[in-house]
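So this one's my_file26.pdb, PDB, C-alpha atoms and all ligand atoms:
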```pdb
ATOM      1  CA  MET A 349       3.093 -31.632  22.443
ATOM      2  CA  ASP A 350      -0.075 -29.821  21.335
ATOM      3  CA  LYS A 351       0.627 -26.310  20.125
ATOM      4  CA  LEU A 352      -1.341 -23.555  21.853
ATOM      5  CA  LEU A 353      -0.911 -19.893  20.967
ATOM      6  CA  LEU A 354      -2.226 -16.975  23.021
ATOM      7  CA  VAL A 355      -2.408 -13.737  21.041
ATOM      8  CA  THR A 356      -3.048 -10.529  22.961
ATOM      9  CA  GLY A 357      -4.954  -8.104  20.759
ATOM     10  CA  GLY A 358      -5.774 -11.158  18.682
ATOM     11  CA  SER A 359      -9.218 -10.040  17.609
ATOM     12  CA  ARG A 360      -8.217  -7.525  14.943
ATOM     13  CA  GLY A 361      -5.378  -6.439  12.668
ATOM     14  CA  ILE A 362      -1.954  -8.066  12.966
ATOM     15  CA  GLY A 363      -3.085 -10.171  15.926
ATOM     16  CA  ALA A 364      -6.042 -11.584  13.970
ATOM     17  CA  ALA A 365      -3.842 -12.361  10.955
ATOM     18  CA  THR A 366      -1.497 -14.213  13.317
ATOM     19  CA  CYS A 367      -4.410 -16.184  14.789
ATOM     20  CA  ARG A 368      -5.471 -17.218  11.264
ATOM     21  CA  ARG A 369      -1.968 -18.382  10.309
ATOM     22  CA  ALA A 370      -1.550 -20.195  13.632
ATOM     23  CA  ALA A 371      -4.858 -22.034  13.262
ATOM     24  CA  ALA A 372      -3.916 -23.048   9.722
ATOM     25  CA  SER A 373      -0.667 -24.538  11.015
ATOM     26  CA  GLY A 374      -2.252 -26.655  13.708
ATOM     27  CA  TYR A 375      -2.233 -24.419  16.774
ATOM     28  CA  SER A 376      -5.132 -24.118  19.157
ATOM     29  CA  VAL A 377      -5.656 -20.388  19.533
ATOM     30  CA  ALA A 378      -6.589 -18.201  22.502
ATOM     31  CA  VAL A 379      -7.806 -14.875  21.102
ATOM     32  CA  ASN A 380      -7.484 -12.017  23.566
ATOM     33  CA  TYR A 381      -9.372  -8.757  23.095
ATOM     34  CA  ARG A 382     -10.236  -5.774  25.249
ATOM     35  CA  SER A 383     -13.615  -4.422  24.171
ATOM     36  CA  ASP A 384     -14.695  -5.539  20.703
ATOM     37  CA  ALA A 385     -16.335  -8.862  21.602
ATOM     38  CA  ASP A 386     -18.087  -9.069  18.220
ATOM     39  CA  ALA A 387     -14.760  -9.018  16.354
ATOM     40  CA  ALA A 388     -13.241 -11.601  18.705
ATOM     41  CA  ASN A 389     -16.251 -13.930  18.523
ATOM     42  CA  ALA A 390     -16.459 -13.631  14.733
ATOM     43  CA  LEU A 391     -12.783 -14.582  14.432
ATOM     44  CA  VAL A 392     -13.218 -17.532  16.806
ATOM     45  CA  ALA A 393     -16.199 -18.747  14.752
ATOM     46  CA  GLU A 394     -14.140 -18.389  11.558
ATOM     47  CA  LEU A 395     -11.214 -20.350  13.038
ATOM     48  CA  LYS A 396     -13.527 -23.060  14.372
ATOM     49  CA  SER A 397     -15.169 -23.379  10.961
ATOM     50  CA  THR A 398     -11.756 -24.439   9.638
ATOM     51  CA  GLY A 399     -11.560 -27.179  12.287
ATOM     52  CA  ALA A 400      -9.247 -25.320  14.675
ATOM     53  CA  ASP A 401      -9.721 -25.132  18.414
ATOM     54  CA  ALA A 402     -10.177 -21.471  19.370
ATOM     55  CA  GLU A 403     -11.620 -19.416  22.196
ATOM     56  CA  ALA A 404     -11.969 -15.709  22.951
ATOM     57  CA  PHE A 405     -10.712 -14.197  26.233
ATOM     58  CA  MET A 406     -11.531 -10.651  27.284
ATOM     59  CA  ALA A 407      -8.799  -8.864  29.253
ATOM     60  CA  ASP A 408      -7.241  -5.430  29.296
ATOM     61  CA  VAL A 409      -3.490  -6.047  29.192
ATOM     62  CA  SER A 410      -2.858  -2.767  30.987
ATOM     63  CA  CYS A 411      -4.559  -4.147  34.114
ATOM     64  CA  GLU A 412      -2.414  -6.532  36.180
ATOM     65  CA  GLU A 413      -5.345  -8.469  37.677
ATOM     66  CA  GLU A 414      -6.867  -8.990  34.229
ATOM     67  CA  VAL A 415      -3.564 -10.241  32.816
ATOM     68  CA  ILE A 416      -3.217 -12.772  35.650
ATOM     69  CA  GLU A 417      -6.830 -13.861  35.095
ATOM     70  CA  LEU A 418      -6.289 -14.066  31.313
ATOM     71  CA  PHE A 419      -3.414 -16.512  31.644
ATOM     72  CA  SER A 420      -5.086 -18.605  34.332
ATOM     73  CA  SER A 421      -8.312 -18.827  32.270
ATOM     74  CA  VAL A 422      -6.372 -19.899  29.182
ATOM     75  CA  VAL A 423      -4.500 -22.526  31.221
ATOM     76  CA  ASP A 424      -7.749 -23.816  32.773
ATOM     77  CA  ARG A 425      -9.690 -23.957  29.510
ATOM     78  CA  LEU A 426      -7.081 -24.789  26.848
ATOM     79  CA  GLY A 427      -3.822 -25.616  28.658
ATOM     80  CA  VAL A 428      -0.476 -23.882  29.131
ATOM     81  CA  PRO A 429       0.417 -21.859  26.014
ATOM     82  CA  THR A 430       3.407 -23.082  24.034
ATOM     83  CA  ALA A 431       3.578 -19.681  22.355
ATOM     84  CA  VAL A 432       2.491 -16.117  23.127
ATOM     85  CA  VAL A 433       2.265 -13.145  20.768
ATOM     86  CA  ASN A 434       1.886  -9.735  22.384
ATOM     87  CA  SER A 435       0.145  -7.723  19.682
ATOM     88  CA  ALA A 436      -2.216  -5.639  21.868
ATOM     89  CA  GLY A 437      -1.262  -2.028  21.479
ATOM     90  CA  ILE A 438      -2.490   1.461  20.691
ATOM     91  CA  ALA A 439      -1.060   4.263  18.567
ATOM     92  CA  GLY A 440      -2.026   6.959  21.059
ATOM     93  CA  LYS A 441      -2.861  10.525  20.104
ATOM     94  CA  HIS A 442      -1.013  12.587  17.511
ATOM     95  CA  MET A 443       0.823  15.064  19.767
ATOM     96  CA  ASP A 444       3.891  17.238  19.521
ATOM     97  CA  VAL A 445       5.968  17.163  22.712
ATOM     98  CA  VAL A 446       4.800  20.660  23.715
ATOM     99  CA  GLU A 447       1.222  19.294  23.732
ATOM    100  CA  PHE A 448       2.011  16.239  25.893
ATOM    101  CA  ASP A 449      -0.609  15.261  28.441
ATOM    102  CA  ALA A 450       0.535  12.996  31.278
ATOM    103  CA  THR A 451      -2.703  10.997  31.356
ATOM    104  CA  VAL A 452      -2.503  10.246  27.631
ATOM    105  CA  LEU A 453       1.176   9.285  27.939
ATOM    106  CA  GLN A 454       0.482   7.031  30.910
ATOM    107  CA  GLU A 455      -2.287   5.164  29.055
ATOM    108  CA  LEU A 456       0.023   4.644  26.061
ATOM    109  CA  MET A 457       2.884   3.348  28.195
ATOM    110  CA  GLN A 458       0.584   1.263  30.405
ATOM    111  CA  ILE A 459      -0.834  -0.629  27.418
ATOM    112  CA  ASN A 460       2.168  -0.830  25.068
ATOM    113  CA  VAL A 461       4.960  -1.261  27.620
ATOM    114  CA  VAL A 462       3.602  -2.381  31.005
ATOM    115  CA  GLY A 463       0.945  -4.578  29.355
ATOM    116  CA  THR A 464       3.564  -6.341  27.236
ATOM    117  CA  MET A 465       5.846  -6.799  30.249
ATOM    118  CA  LEU A 466       3.046  -8.186  32.441
ATOM    119  CA  CYS A 467       2.037 -10.662  29.734
ATOM    120  CA  CYS A 468       5.673 -11.752  29.404
ATOM    121  CA  ARG A 469       5.858 -12.196  33.166
ATOM    122  CA  GLU A 470       2.761 -14.398  33.219
ATOM    123  CA  ALA A 471       3.986 -16.326  30.184
ATOM    124  CA  ALA A 472       7.314 -16.995  31.923
ATOM    125  CA  ARG A 473       5.585 -18.043  35.129
ATOM    126  CA  HIS A 474       3.686 -20.720  33.223
ATOM    127  CA  MET A 475       6.222 -21.718  30.561
ATOM    128  CA  SER A 476       9.604 -21.580  32.293
ATOM    129  CA  THR A 477      11.292 -24.959  32.696
ATOM    130  CA  ALA A 478      12.693 -23.565  35.978
ATOM    131  CA  ARG A 479       9.081 -23.466  37.223
ATOM    132  CA  GLY A 480       7.969 -26.845  35.911
ATOM    133  CA  GLY A 481       6.829 -25.602  32.495
ATOM    134  CA  ASP A 482       7.763 -26.917  29.069
ATOM    135  CA  GLY A 483       9.259 -23.703  27.674
ATOM    136  CA  GLY A 484       7.969 -21.945  24.580
ATOM    137  CA  SER A 485       8.337 -18.968  22.335
ATOM    138  CA  ILE A 486       7.170 -15.353  22.675
ATOM    139  CA  VAL A 487       6.966 -12.629  20.042
ATOM    140  CA  ASN A 488       6.409  -9.012  21.043
ATOM    141  CA  VAL A 489       5.010  -6.831  18.286
ATOM    142  CA  SER A 490       7.118  -3.693  18.308
ATOM    143  CA  SER A 491       7.338  -1.157  15.478
ATOM    144  CA  MET A 492       9.801   0.382  13.024
ATOM    145  CA  ALA A 493       8.834   3.603  14.809
ATOM    146  CA  ALA A 494      11.271   2.541  17.540
ATOM    147  CA  THR A 495      14.140   2.833  15.060
ATOM    148  CA  ILE A 496      13.338   6.305  13.672
ATOM    149  CA  GLY A 497      11.787   8.096  16.656
ATOM    150  CA  GLY A 498       8.351   7.771  15.073
ATOM    151  CA  ARG A 499       6.624   9.768  12.381
ATOM    152  CA  PRO A 500       5.798  13.406  13.231
ATOM    153  CA  GLY A 501       3.572  13.624  16.309
ATOM    154  CA  HIS A 502       4.252  10.044  17.367
ATOM    155  CA  CYS A 503       7.528  10.099  19.278
ATOM    156  CA  ALA A 504       5.820   8.889  22.474
ATOM    157  CA  TYR A 505       4.532   5.839  20.580
ATOM    158  CA  ALA A 506       8.053   5.301  19.200
ATOM    159  CA  ALA A 507       9.442   5.474  22.739
ATOM    160  CA  SER A 508       6.922   2.884  23.914
ATOM    161  CA  LYS A 509       8.099   0.492  21.189
ATOM    162  CA  ALA A 510      11.792   1.201  21.888
ATOM    163  CA  ALA A 511      11.032   0.151  25.464
ATOM    164  CA  VAL A 512       9.511  -3.094  24.157
ATOM    165  CA  ASP A 513      12.664  -3.717  22.097
ATOM    166  CA  ALA A 514      15.045  -3.161  25.040
ATOM    167  CA  PHE A 515      12.869  -5.189  27.383
ATOM    168  CA  THR A 516      12.738  -8.079  24.904
ATOM    169  CA  VAL A 517      16.540  -8.273  24.645
ATOM    170  CA  GLY A 518      16.947  -8.355  28.428
ATOM    171  CA  PHE A 519      14.049 -10.729  29.023
ATOM    172  CA  ALA A 520      15.426 -13.116  26.383
ATOM    173  CA  LYS A 521      18.705 -13.326  28.321
ATOM    174  CA  GLU A 522      16.850 -13.943  31.584
ATOM    175  CA  VAL A 523      14.794 -16.873  30.261
ATOM    176  CA  GLY A 524      17.179 -18.211  27.606
ATOM    177  CA  ALA A 525      18.224 -21.141  29.771
ATOM    178  CA  GLN A 526      14.618 -21.770  30.843
ATOM    179  CA  GLY A 527      13.389 -23.017  27.471
ATOM    180  CA  ILE A 528      11.865 -19.711  26.371
ATOM    181  CA  ARG A 529      12.816 -17.752  23.251
ATOM    182  CA  VAL A 530      11.682 -14.125  23.017
ATOM    183  CA  ASN A 531      11.887 -11.896  19.952
ATOM    184  CA  THR A 532      10.212  -8.890  18.413
ATOM    185  CA  VAL A 533       8.772  -8.260  14.997
ATOM    186  CA  ARG A 534       8.966  -4.598  13.999
ATOM    187  CA  PRO A 535       6.290  -3.884  11.388
ATOM    188  CA  GLY A 536       6.343  -0.901   9.126
ATOM    189  CA  VAL A 537       3.043   0.747   8.213
ATOM    190  CA  THR A 538       0.430  -2.006   7.934
ATOM    191  CA  LEU A 539      -3.182  -1.660   6.818
ATOM    192  CA  THR A 540      -5.317  -2.257   9.925
ATOM    193  CA  ASP A 541      -7.837  -0.283  11.955
ATOM    194  CA  MET A 542      -4.849   1.413  13.633
ATOM    195  CA  THR A 543      -3.934   2.981  10.291
ATOM    196  CA  SER A 544      -7.487   3.549   9.060
ATOM    197  CA  GLU A 545      -6.581   6.996   7.711
ATOM    198  CA  VAL A 546      -3.925   5.440   5.446
ATOM    199  CA  LYS A 547      -6.519   2.963   4.178
ATOM    200  CA  ALA A 548      -9.258   5.542   3.685
ATOM    201  CA  ASN A 549      -7.327   8.504   2.277
ATOM    202  CA  ALA A 550      -5.442   7.957  -1.011
ATOM    203  CA  THR A 551      -3.399  11.145  -0.576
ATOM    204  CA  VAL A 552      -2.234  10.127   2.899
ATOM    205  CA  ARG A 553      -1.507   6.630   1.643
ATOM    206  CA  SER A 554       0.675   7.733  -1.243
ATOM    207  CA  ALA A 555       2.556  10.199   1.007
ATOM    208  CA  VAL A 556       3.256   7.379   3.457
ATOM    209  CA  GLU A 557       4.171   4.934   0.699
ATOM    210  CA  ALA A 558       6.708   7.423  -0.692
ATOM    211  CA  THR A 559       8.635   7.075   2.593
ATOM    212  CA  ILE A 560       8.909   3.268   2.367
ATOM    213  CA  ALA A 561      11.714   1.678   0.332
ATOM    214  CA  MET A 562       9.332  -0.781  -1.352
ATOM    215  CA  ASN A 563       6.870   2.071  -2.011
ATOM    216  CA  ARG A 564       3.950   0.318  -0.399
ATOM    217  CA  VAL A 565       2.398  -0.488   2.929
ATOM    218  CA  ALA A 566       1.958  -4.041   4.263
ATOM    219  CA  CYS A 567      -1.118  -6.146   4.769
ATOM    220  CA  ALA A 568      -1.466  -7.756   8.198
ATOM    221  CA  ASP A 569      -0.679 -11.236   6.875
ATOM    222  CA  GLU A 570       2.772 -10.021   5.786
ATOM    223  CA  ILE A 571       3.510  -9.301   9.445
ATOM    224  CA  ALA A 572       1.876 -12.490  10.731
ATOM    225  CA  ALA A 573       4.172 -14.611   8.535
ATOM    226  CA  PRO A 574       7.451 -13.522  10.191
ATOM    227  CA  VAL A 575       5.753 -13.720  13.594
ATOM    228  CA  MET A 576       4.884 -17.365  12.914
ATOM    229  CA  TRP A 577       8.399 -18.067  11.661
ATOM    230  CA  LEU A 578       9.867 -16.754  14.919
ATOM    231  CA  LEU A 579       7.486 -18.962  16.895
ATOM    232  CA  SER A 580       8.426 -22.022  14.855
ATOM    233  CA  SER A 581      11.246 -24.489  15.392
ATOM    234  CA  GLU A 582      12.841 -23.039  12.226
ATOM    235  CA  ALA A 583      13.912 -20.169  14.513
ATOM    236  CA  SER A 584      15.141 -22.483  17.278
ATOM    237  CA  PHE A 585      18.410 -20.569  17.851
ATOM    238  CA  VAL A 586      16.916 -17.086  17.444
ATOM    239  CA  SER A 587      16.250 -15.194  20.657
ATOM    240  CA  GLY A 588      16.562 -11.572  21.734
ATOM    241  CA  ALA A 589      16.342 -10.531  18.076
ATOM    242  CA  HIS A 590      14.347  -7.856  16.248
ATOM    243  CA  LEU A 591      12.946  -8.861  12.891
ATOM    244  CA  ASP A 592      12.064  -5.837  10.748
ATOM    245  CA  ALA A 593       9.068  -6.409   8.471
ATOM    246  CA  SER A 594       9.188  -2.970   6.983
ATOM    247  CA  GLY A 595       9.356  -3.126   3.203
ATOM    248  CA  GLY A 596      12.999  -2.081   3.340
ATOM    249  CA  GLY A 597      12.484   0.610   5.930
ATOM    250  CA  PHE A 598      12.030   4.335   6.009
ATOM    251  CA  VAL A 599      13.520   6.401   3.188
ATOM    252  CA  ILE A 600      13.354  10.014   2.136
ATOM    253  CA  GLY A 601      12.051   9.916  -1.429
ATOM    254  CA  ALA A 602      14.370  11.064  -4.226
ATOM    255  CA  SER A 603      12.089  14.003  -4.966
ATOM    256  CA  THR A 604      12.336  15.288  -1.396
ATOM    257  CA  ALA A 605      15.972  14.455  -0.711
ATOM    258  CA  SER A 606      18.358  17.332  -0.303
ATOM    259  CA  VAL A 607      22.104  17.521   0.167
ATOM    260  CA  ASP A 608      21.968  20.542   2.439
TER
HETATM  261  P1  LIG A 701      -5.511  -2.792  15.602
HETATM  262  O1  LIG A 701      -5.969  -3.261  14.284
HETATM  263  O2  LIG A 701      -5.961  -1.473  16.128
HETATM  264  O3  LIG A 701      -5.865  -3.928  16.673
HETATM  265  C1  LIG A 701      -5.518  -3.724  18.010
HETATM  266  C2  LIG A 701      -5.836  -4.970  18.798
HETATM  267  O4  LIG A 701      -5.322  -4.776  20.126
HETATM  268  C3  LIG A 701      -7.322  -5.239  18.933
HETATM  269  O5  LIG A 701      -7.508  -6.637  18.971
HETATM  270  C4  LIG A 701      -7.651  -4.615  20.294
HETATM  271  O6  LIG A 701      -8.763  -5.231  20.944
HETATM  272  C5  LIG A 701      -6.391  -4.937  21.049
HETATM  273  N1  LIG A 701      -6.133  -4.082  22.207
HETATM  274  C6  LIG A 701      -5.909  -2.739  22.230
HETATM  275  N2  LIG A 701      -5.702  -2.330  23.499
HETATM  276  C7  LIG A 701      -5.791  -3.445  24.270
HETATM  277  C8  LIG A 701      -5.676  -3.671  25.666
HETATM  278  N3  LIG A 701      -5.439  -2.680  26.518
HETATM  279  N4  LIG A 701      -5.827  -4.936  26.121
HETATM  280  C9  LIG A 701      -6.080  -5.960  25.261
HETATM  281  N5  LIG A 701      -6.212  -5.805  23.946
HETATM  282  C10 LIG A 701      -6.075  -4.545  23.465
HETATM  283  O7  LIG A 701      -3.917  -2.706  15.688
HETATM  284  P2  LIG A 701      -2.780  -3.395  14.777
HETATM  285  O8  LIG A 701      -2.451  -2.456  13.704
HETATM  286  O9  LIG A 701      -3.143  -4.802  14.481
HETATM  287  O10 LIG A 701      -1.563  -3.355  15.807
HETATM  288  C11 LIG A 701      -1.124  -4.517  16.482
HETATM  289  C12 LIG A 701       0.245  -4.230  17.045
HETATM  290  O11 LIG A 701       1.131  -3.907  15.973
HETATM  291  C13 LIG A 701       0.284  -3.041  18.002
HETATM  292  O12 LIG A 701       1.144  -3.330  19.084
HETATM  293  C14 LIG A 701       0.861  -1.923  17.149
HETATM  294  O13 LIG A 701       1.519  -0.942  17.923
HETATM  295  C15 LIG A 701       1.810  -2.699  16.270
HETATM  296  N6  LIG A 701       2.140  -2.047  14.999
HETATM  297  C16 LIG A 701       1.164  -1.737  14.096
HETATM  298  C17 LIG A 701       1.531  -1.117  12.910
HETATM  299  C18 LIG A 701       0.518  -0.729  11.856
HETATM  300  O14 LIG A 701       0.891   0.004  10.914
HETATM  301  N7  LIG A 701      -0.734  -1.192  11.936
HETATM  302  C19 LIG A 701       2.876  -0.823  12.652
HETATM  303  C20 LIG A 701       3.824  -1.144  13.597
HETATM  304  C21 LIG A 701       3.446  -1.774  14.758
HETATM  305  P3  LIG A 701     -10.257  -4.546  20.850
HETATM  306  O15 LIG A 701     -10.687  -4.697  19.435
HETATM  307  O16 LIG A 701     -11.098  -5.330  21.791
HETATM  308  O17 LIG A 701     -10.077  -3.124  21.254
END
```

Would you encode the structure as structure tokens?
Ligand code: NAP
Amino acid sequence: MDKLLLVTGGSRGIGAATCRRAAASGYSVAVNYRSDADAANALVAELKSTGADAEAFMADVSCEEEVIELFSSVVDRLGVPTAVVNSAGIAGKHMDVVEFDATVLQELMQINVVGTMLCCREAARHMSTARGGDGGSIVNVSSMAATIGGRPGHCAYAASKAAVDAFTVGFAKEVGAQGIRVNTVRPGVTLTDMTSEVKANATVRSAVEATIAMNRVACADEIAAPVMWLLSSEASFVSGAHLDASGGGFVIGASTASVD
């Protein structure tokens, strides 16, 4: 069977790195994006120049009609995906709880949580063997933030990713006998546009790196690699799992640790 991967938020960052790895391993790639058509089209051109089949699809994953249209356009133009990676997401605003704004929270949850769930629903509708599909594999890009309540000012983001984790476990049980595996990858801090301040500011970067066991941040390809492993047949008995790609996880540096 031809391998076809749909990556939401595939135009930049971790999603784009996943598209590159997928194309290099023989997948046709559907690159979803929301607004940056130039980035999506440039990536598609790059993938095509390597001989891969790739196409860009604009859709806001937080909008139900656009998600339905995204999947039906991919099916019409490239076929039913054999794999889906839900990477579309936003960090949201830096806010302490006392500063919370319902509109900002709703946008964050609508994209990170509802968007991921709607894409999983559409994926299941097309892939499930109970509905005439051939099955497949789904990876939801969560975050290590879910495991630590987020860094200061980002507990709402952490909550959105904890919701993705819980949803993934339950969804995996629901579709386990329908030929679909579902897992998460939980990246630690990764250099992308989402973390542009870490990339641009050496002081911020070294403060962040001091909190990571391996004392460094990741590049997007180091997250794409475990994503691709989960999609592959090498992970054929792995479902409902969370794979931490976090450089050993969050630590309090020796210089800041205290016994009291
Ligand atoms: P990024 O570089 O900012 O890229 C975000 C991608 O998502 C872009 O392709 C963007 O498309 C797309 N997107 C955003 N909102 C969308 C929407 N409503 N509908 C469709 N596409 C949308 O981000 P990233 O760092 O690669 O993050 C990817 C995923 O990894 C996110 O879920 C994020 O929470 C998670 N993550 C990131 C890190 C990190 O340190 N970077 C760590 C842990 C987890 P446009 O360009 O068109 O806007």

Please identify every polymer residue within 6 Å of ligand LIG 701 (chain A), using all atoms listed in the file, and present the set as a compact mmCIF listing (two decimals) with C-alpha atoms, keeping the file's coordinate frame.
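Here's the written file selection.txt:
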```
# COMPACT_ATOMS: atom_id res chain seq x y z
CA THR A 356 -3.05 -10.53 22.96
CA GLY A 357 -4.95 -8.10 20.76
CA GLY A 358 -5.77 -11.16 18.68
CA SER A 359 -9.22 -10.04 17.61
CA ARG A 360 -8.22 -7.52 14.94
CA GLY A 361 -5.38 -6.44 12.67
CA ILE A 362 -1.95 -8.07 12.97
CA GLY A 363 -3.08 -10.17 15.93
CA TYR A 381 -9.37 -8.76 23.10
CA ARG A 382 -10.24 -5.77 25.25
CA SER A 383 -13.62 -4.42 24.17
CA ASP A 384 -14.70 -5.54 20.70
CA ALA A 407 -8.80 -8.86 29.25
CA ASP A 408 -7.24 -5.43 29.30
CA VAL A 409 -3.49 -6.05 29.19
CA SER A 410 -2.86 -2.77 30.99
CA SER A 435 0.14 -7.72 19.68
CA ALA A 436 -2.22 -5.64 21.87
CA GLY A 437 -1.26 -2.03 21.48
CA ILE A 438 -2.49 1.46 20.69
CA ALA A 439 -1.06 4.26 18.57
CA ILE A 459 -0.83 -0.63 27.42
CA VAL A 489 5.01 -6.83 18.29
CA SER A 490 7.12 -3.69 18.31
CA SER A 491 7.34 -1.16 15.48
CA PRO A 535 6.29 -3.88 11.39
CA GLY A 536 6.34 -0.90 9.13
CA VAL A 537 3.04 0.75 8.21
CA THR A 538 0.43 -2.01 7.93
CA LEU A 539 -3.18 -1.66 6.82
CA THR A 540 -5.32 -2.26 9.93
CA ASP A 541 -7.84 -0.28 11.96
CA MET A 542 -4.85 1.41 13.63
CA THR A 543 -3.93 2.98 10.29
```

Self-check item: Distance criterion (all atoms listed in the file): nearest to Thr516 (chain A) out of A:Val433, A:Val487, A:Leu352, A:Gly597
Solution: A:Val487

Self-check item: region 386-400 of chain A surroundings by all atoms listed in the file, 8 Å radius, close-in-sequence under 4 positions cut, as a list in words
Solution: Gly358, Ser359, Arg360, Ala364, Arg368, Ala371, Ala372, Gly374, Tyr375, Ser376, Val377, Val379, Asn380, Tyr381 and Ala404 of chain A

Exercise. For the point (-3.3, -23.9, 30.8) in the file's frame, write as a PyMOL selection string all residues with an atom no more than 12 Å away, counting all atoms listed in the file.
Key: chain A and resi 350-354+376+378+417-431+470-471+473-475+481-482

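CA of Ser581 (chain A) is found 21.5 Å from CA of Gly518 (chain A).
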
Exercise. Name the residues that the PyMOL selection byres (((chain A and resi 598) around 12) and not hetatm) pulls out of this structure, and write them as a PyMOL selection string.
Key: chain A and resi 491-499+535-537+556-565+592-597+599-601

Quiz item: What is the distance between CA of Met576 (chain A) and CA of Val517 (chain A), in Å to one decimal?
Solution: 18.9 Å

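Closest to Leu579 (chain A) among A:Ala506, A:Ala525, A:Ala365, A:Val533 is A:Val533, based on all atoms listed in the file.
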
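Of note, CA of Glu403 (chain A) and CA of Ser373 (chain A) are spaced 16.5 Å apart.
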
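Residue neighbourhood of Ile528 (chain A), excluding near-sequence residues (fewer than 4 positions): Ser476, Gly483, Gly484, Ser485, Val523 and Gly524 of chain A, at 7 Å, using only C-alpha atoms.
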
Dump as a PDB file, keeping the file's coordinate frame, selection limited to C-alpha atoms:
```pdb
ATOM      1  CA  SER A 476       9.604 -21.580  32.293  1.00  0.00           C
ATOM      2  CA  GLY A 483       9.259 -23.703  27.674  1.00  0.00           C
ATOM      3  CA  GLY A 484       7.969 -21.945  24.580  1.00  0.00           C
ATOM      4  CA  SER A 485       8.337 -18.968  22.335  1.00  0.00           C
ATOM      5  CA  VAL A 523      14.794 -16.873  30.261  1.00  0.00           C
ATOM      6  CA  GLY A 524      17.179 -18.211  27.606  1.00  0.00           C
TER       7      GLY A 524
END
```
